[in-house]
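Coordinates as given in coords_12.cif (mmCIF, C-alpha atoms):
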data_coords
#
loop_
_atom_site.label_atom_id
_atom_site.label_comp_id
_atom_site.auth_asym_id
_atom_site.auth_seq_id
_atom_site.Cartn_x
_atom_site.Cartn_y
_atom_site.Cartn_z
CA MET A 1 -36.56 23.10 43.40
CA GLY A 2 -38.20 22.11 40.09
CA GLU A 3 -39.59 25.62 39.73
CA GLU A 4 -36.12 27.10 40.30
CA ARG A 5 -34.68 24.79 37.62
CA THR A 6 -37.45 25.80 35.21
CA LEU A 7 -36.81 29.48 35.85
CA ARG A 8 -33.07 29.00 35.38
CA SER A 9 -33.65 27.03 32.17
CA ARG A 10 -35.95 29.76 30.80
CA LEU A 11 -33.40 32.44 31.68
CA GLU A 12 -30.61 30.49 29.99
CA ARG A 13 -32.74 30.10 26.82
CA LEU A 14 -33.53 33.81 26.86
CA LEU A 15 -29.85 34.70 27.21
CA ARG A 16 -28.88 32.37 24.33
CA GLU A 17 -31.63 33.91 22.20
CA LEU A 18 -30.48 37.41 23.10
CA ALA A 19 -26.85 36.53 22.28
CA LYS A 20 -27.81 35.14 18.86
CA PHE A 21 -30.11 38.09 18.17
CA SER A 22 -27.25 40.42 19.13
CA ALA A 23 -24.76 38.64 16.85
CA VAL A 24 -27.17 38.88 13.91
CA GLY A 25 -27.81 42.51 14.89
CA ALA A 26 -24.08 43.26 14.93
CA ILE A 27 -23.79 42.07 11.32
CA GLY A 28 -26.90 44.09 10.46
CA PHE A 29 -25.39 47.11 12.19
CA LEU A 30 -22.23 46.86 10.07
CA VAL A 31 -24.28 46.51 6.88
CA ASN A 32 -26.46 49.44 7.97
CA ALA A 33 -23.55 51.74 8.88
CA VAL A 34 -21.51 50.95 5.77
CA VAL A 35 -24.43 51.37 3.36
CA PHE A 36 -25.55 54.58 5.12
CA ASN A 37 -22.12 56.18 4.91
CA LEU A 38 -21.59 55.06 1.30
CA CYS A 39 -24.95 56.56 0.30
CA VAL A 40 -24.25 59.86 2.08
CA HIS A 41 -20.57 60.37 1.38
CA LEU A 42 -19.98 58.51 -1.89
CA LEU A 43 -23.32 58.89 -3.66
CA GLY A 44 -24.26 62.23 -2.10
CA LEU A 45 -27.81 61.18 -1.17
CA ALA A 46 -29.79 62.98 1.53
CA VAL A 47 -29.26 61.60 5.03
CA VAL A 48 -32.77 60.30 5.68
CA ARG A 49 -33.00 58.73 2.21
CA SER A 50 -29.61 57.10 2.84
CA GLY A 51 -30.83 55.93 6.24
CA VAL A 52 -33.94 54.32 4.78
CA ILE A 53 -31.93 52.54 2.06
CA ALA A 54 -29.36 51.31 4.60
CA THR A 55 -32.00 50.14 7.04
CA ALA A 56 -33.94 48.31 4.31
CA ILE A 57 -30.82 46.40 3.25
CA ALA A 58 -29.97 45.58 6.88
CA ILE A 59 -33.54 44.34 7.43
CA GLY A 60 -33.02 41.76 4.68
CA THR A 61 -29.72 40.67 6.21
CA ASN A 62 -31.29 40.44 9.66
CA TYR A 63 -34.27 38.41 8.46
CA LEU A 64 -31.99 35.77 6.97
CA GLY A 65 -29.84 35.63 10.11
CA ASN A 66 -32.75 35.51 12.52
CA ARG A 67 -34.82 33.01 10.53
CA HIS A 68 -31.96 30.61 9.83
CA TRP A 69 -29.99 30.92 13.08
CA THR A 70 -31.56 32.79 16.02
CA TYR A 71 -35.07 31.41 15.54
CA ARG A 72 -34.38 28.31 13.43
CA HIS A 73 -36.20 26.16 16.00
CA CYS A 74 -39.44 28.13 15.65
CA ASP A 75 -42.49 27.26 13.59
CA LYS A 76 -41.70 27.38 9.87
CA ASN A 77 -45.19 26.46 8.66
CA ARG A 78 -46.53 29.99 8.35
CA ARG A 79 -43.73 31.75 6.47
CA SER A 80 -45.96 34.32 4.73
CA ARG A 81 -47.43 35.38 8.09
CA GLU A 82 -43.95 35.45 9.62
CA LEU A 83 -42.47 37.52 6.78
CA THR A 84 -45.42 39.94 6.79
CA LEU A 85 -45.09 40.54 10.54
CA PHE A 86 -41.30 40.75 10.29
CA LEU A 87 -41.57 43.44 7.61
CA LEU A 88 -44.29 45.28 9.56
CA PHE A 89 -42.29 45.41 12.80
CA SER A 90 -39.06 46.10 10.93
CA GLY A 91 -40.85 49.00 9.24
CA VAL A 92 -41.76 50.41 12.64
CA GLY A 93 -38.11 50.01 13.64
CA LEU A 94 -37.09 51.79 10.42
CA ILE A 95 -39.32 54.73 11.37
CA ILE A 96 -37.90 54.84 14.91
CA GLU A 97 -34.32 54.66 13.65
CA ASN A 98 -34.64 57.21 10.88
CA GLY A 99 -37.00 59.40 12.89
CA ALA A 100 -34.17 59.92 15.38
CA LEU A 101 -31.87 60.83 12.47
CA ALA A 102 -34.39 63.25 10.95
CA PHE A 103 -35.07 64.89 14.31
CA SER A 104 -31.36 65.34 15.03
CA HIS A 105 -30.38 66.47 11.53
CA TYR A 106 -33.34 68.65 10.56
CA GLY A 107 -34.98 69.44 13.90
CA LEU A 108 -31.94 70.10 16.07
CA GLY A 109 -29.54 71.11 13.30
CA TYR A 110 -26.83 68.56 14.15
CA THR A 111 -25.55 67.96 10.62
CA SER A 112 -22.02 66.62 11.02
CA ALA A 113 -21.19 63.08 9.91
CA LEU A 114 -20.56 62.14 13.54
CA ALA A 115 -23.90 63.59 14.71
CA ASP A 116 -25.78 61.79 11.91
CA ASN A 117 -24.13 58.47 12.75
CA VAL A 118 -24.78 58.86 16.48
CA ALA A 119 -28.41 59.81 15.92
CA LYS A 120 -29.07 57.00 13.47
CA ASN A 121 -26.75 54.19 14.50
CA VAL A 122 -26.65 54.67 18.27
CA ILE A 123 -29.82 56.38 19.49
CA GLY A 124 -32.23 55.38 16.71
CA LEU A 125 -30.89 51.89 16.11
CA GLY A 126 -30.54 51.20 19.84
CA THR A 127 -34.17 52.12 20.50
CA ALA A 128 -35.38 50.25 17.41
CA THR A 129 -33.39 47.16 18.39
CA VAL A 130 -35.13 46.88 21.76
CA PHE A 131 -38.50 47.21 19.99
CA ARG A 132 -37.55 44.65 17.33
CA PHE A 133 -36.29 42.07 19.85
CA TRP A 134 -39.55 42.29 21.78
CA SER A 135 -41.78 42.20 18.70
CA TYR A 136 -39.90 39.43 16.89
CA ARG A 137 -39.91 37.06 19.85
CA THR A 138 -43.50 37.96 20.80
CA TRP A 139 -45.22 38.07 17.41
CA VAL A 140 -43.00 37.05 14.49
CA PHE A 141 -41.00 33.94 15.31
CA GLN A 142 -43.57 31.84 17.12
CA ALA A 143 -42.26 28.97 19.21
CA LEU A 144 -43.33 25.49 18.32
CA PRO A 145 -45.92 24.08 20.70
CA LEU A 146 -44.49 21.99 23.51
CA PRO A 147 -44.92 18.26 23.09
CA GLU A 148 -47.93 16.91 24.87
CA THR A 149 -47.17 15.89 28.40
CA ALA A 150 -48.14 12.52 29.78
CA PRO A 151 -51.67 12.45 31.14
CA ASP A 152 -51.98 12.76 34.87
CA VAL A 153 -52.31 9.54 36.84
CA GLU A 154 -55.95 9.96 37.82
CA SER A 155 -57.18 10.43 34.27
CA SER A 156 -55.22 7.39 33.05
CA LEU A 157 -56.64 4.91 35.59
CA THR A 158 -59.08 2.30 34.32
CA ALA A 159 -62.55 1.84 35.77
CA ASN A 160 -61.28 -0.60 38.43
CA GLY A 161 -58.60 1.85 39.64
CA THR A 162 -55.57 0.20 38.06
CA ALA A 163 -53.24 1.74 35.54
CA PRO A 164 -53.59 0.36 32.02
CA VAL A 165 -50.70 -1.68 30.66
CA GLU A 166 -49.10 -0.08 27.62
CA ALA A 167 -46.80 -1.61 25.06
CA PRO A 168 -43.22 -0.35 25.23
CA TYR A 169 -42.12 2.27 22.71
CA GLU A 170 -40.64 0.93 19.51
CA ARG A 171 -37.22 2.21 18.53
#
Entire entry expressed as structure tokens:
Amino acid sequence: MGEERTLRSRLERLLRELAKFSAVGAIGFLVNAVVFNLCVHLLGLAVVRSGVIATAIAIGTNYLGNRHWTYRHCDKNRRSRELTLFLLFSGVGLIIENGALAFSHYGLGYTSALADNVAKNVIGLGTATVFRFWSYRTWVFQALPLPETAPDVESSLTANGTAPVEAPYER
């Protein structure tokens, strides 16, 4: 029964984390899509260049959201390590996302605005998001260590086999 409760508790935490990650990602998606389309249609930049610019801006937005909301409970003592890994894995996501766009646009010849948005913001971003969720929770935002558990009964017994008397906790 305790194992079932632990499994349920872990699943609930994972679902809350996924929901927060998704909410931050939705904001990042909007930033990404708006900046991409502004760069392509308003500024006339090439699609992959526009995609890289849009993704880079969304990465900044997502870092702030994930650090200060999704993973706010995680270790904050190694920020330079965290930021380095975040940028590394986000860079891989950027390549996945914009690689799908480049392949669709230049490799397959799908050059319409709809095709570019589907390739970048659905196929590329969807694949990159799965990669980012896994890498962020596994490598970037490290959980704080669990508090030490009480020692087991056998190791806390005194030489004569009785449990030591401890002072009550102060409040």
Name every residue that the PyMOL selection byres ((chain A and resi 115-117) around 9) selects in this structure, writing the answer as an MDAnalysis selection string with chains first and numbers rising. chainID A and resid 33 36:37 47 101:102 104:105 110:114 118:122
Can you tell me which residues surround Val31 in chain A at a distance of at most 12 Å, considering all atoms listed in the file, apart from same-chain residues fewer than 4 positions away, and format the answer as a ChimeraX atom specification? /A:24-27,35-38,51,53-62,121
Cut-off 12 Å: closest range 35-92 of chain A/range 3-19 of chain A atom pairs per residue, using all atoms listed in the file, as a Markdown table:
| residue | atom | partner | partner_atom | distance |
| --- | --- | --- | --- | --- |
| A:Asn66 | CA | A:Glu17 | CA | 9.9 |
| A:Trp69 | CA | A:Glu17 | CA | 9.7 |
| A:Thr70 | CA | A:Glu17 | CA | 6.3 |
| A:Tyr71 | CA | A:Glu17 | CA | 7.9 |
| A:Arg72 | CA | A:Glu17 | CA | 10.8 |
| A:His73 | CA | A:Glu17 | CA | 10.9 |
| A:Cys74 | CA | A:Glu17 | CA | 11.7 |
Selection to disk with C-alpha atoms, as an mmCIF file, in the frame of the given file:
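Written output follows (part29.cif):
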data_model
loop_
_atom_site.group_PDB
_atom_site.id
_atom_site.type_symbol
_atom_site.label_atom_id
_atom_site.label_comp_id
_atom_site.auth_asym_id
_atom_site.auth_seq_id
_atom_site.Cartn_x
_atom_site.Cartn_y
_atom_site.Cartn_z
ATOM 1 C CA ASN A 66 -32.750 35.510 12.520
ATOM 2 C CA TRP A 69 -29.990 30.920 13.080
ATOM 3 C CA THR A 70 -31.560 32.790 16.020
ATOM 4 C CA TYR A 71 -35.070 31.410 15.540
ATOM 5 C CA ARG A 72 -34.380 28.310 13.430
ATOM 6 C CA HIS A 73 -36.200 26.160 16.000
ATOM 7 C CA CYS A 74 -39.440 28.130 15.650
#
Counting all atoms listed in the file, the option among A:Arg81, A:Arg67, A:Arg137, A:Arg132 closest to Ile96 in chain A: A:Arg132
State, in Å with one decimal place, the distance from CA of Thr138 in chain A to CA of Gly126 in chain A.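 We find that CA of Thr138 in chain A and CA of Gly126 in chain A lie 18.6 Å from each other.
The interatomic distance for the pair CA of Arg49 in chain A and CA of Glu97 in chain A works out to 12.2 Å.
Across the model, the gap from CA of Tyr136 in chain A to CA of Glu82 in chain A is 9.2 Å.
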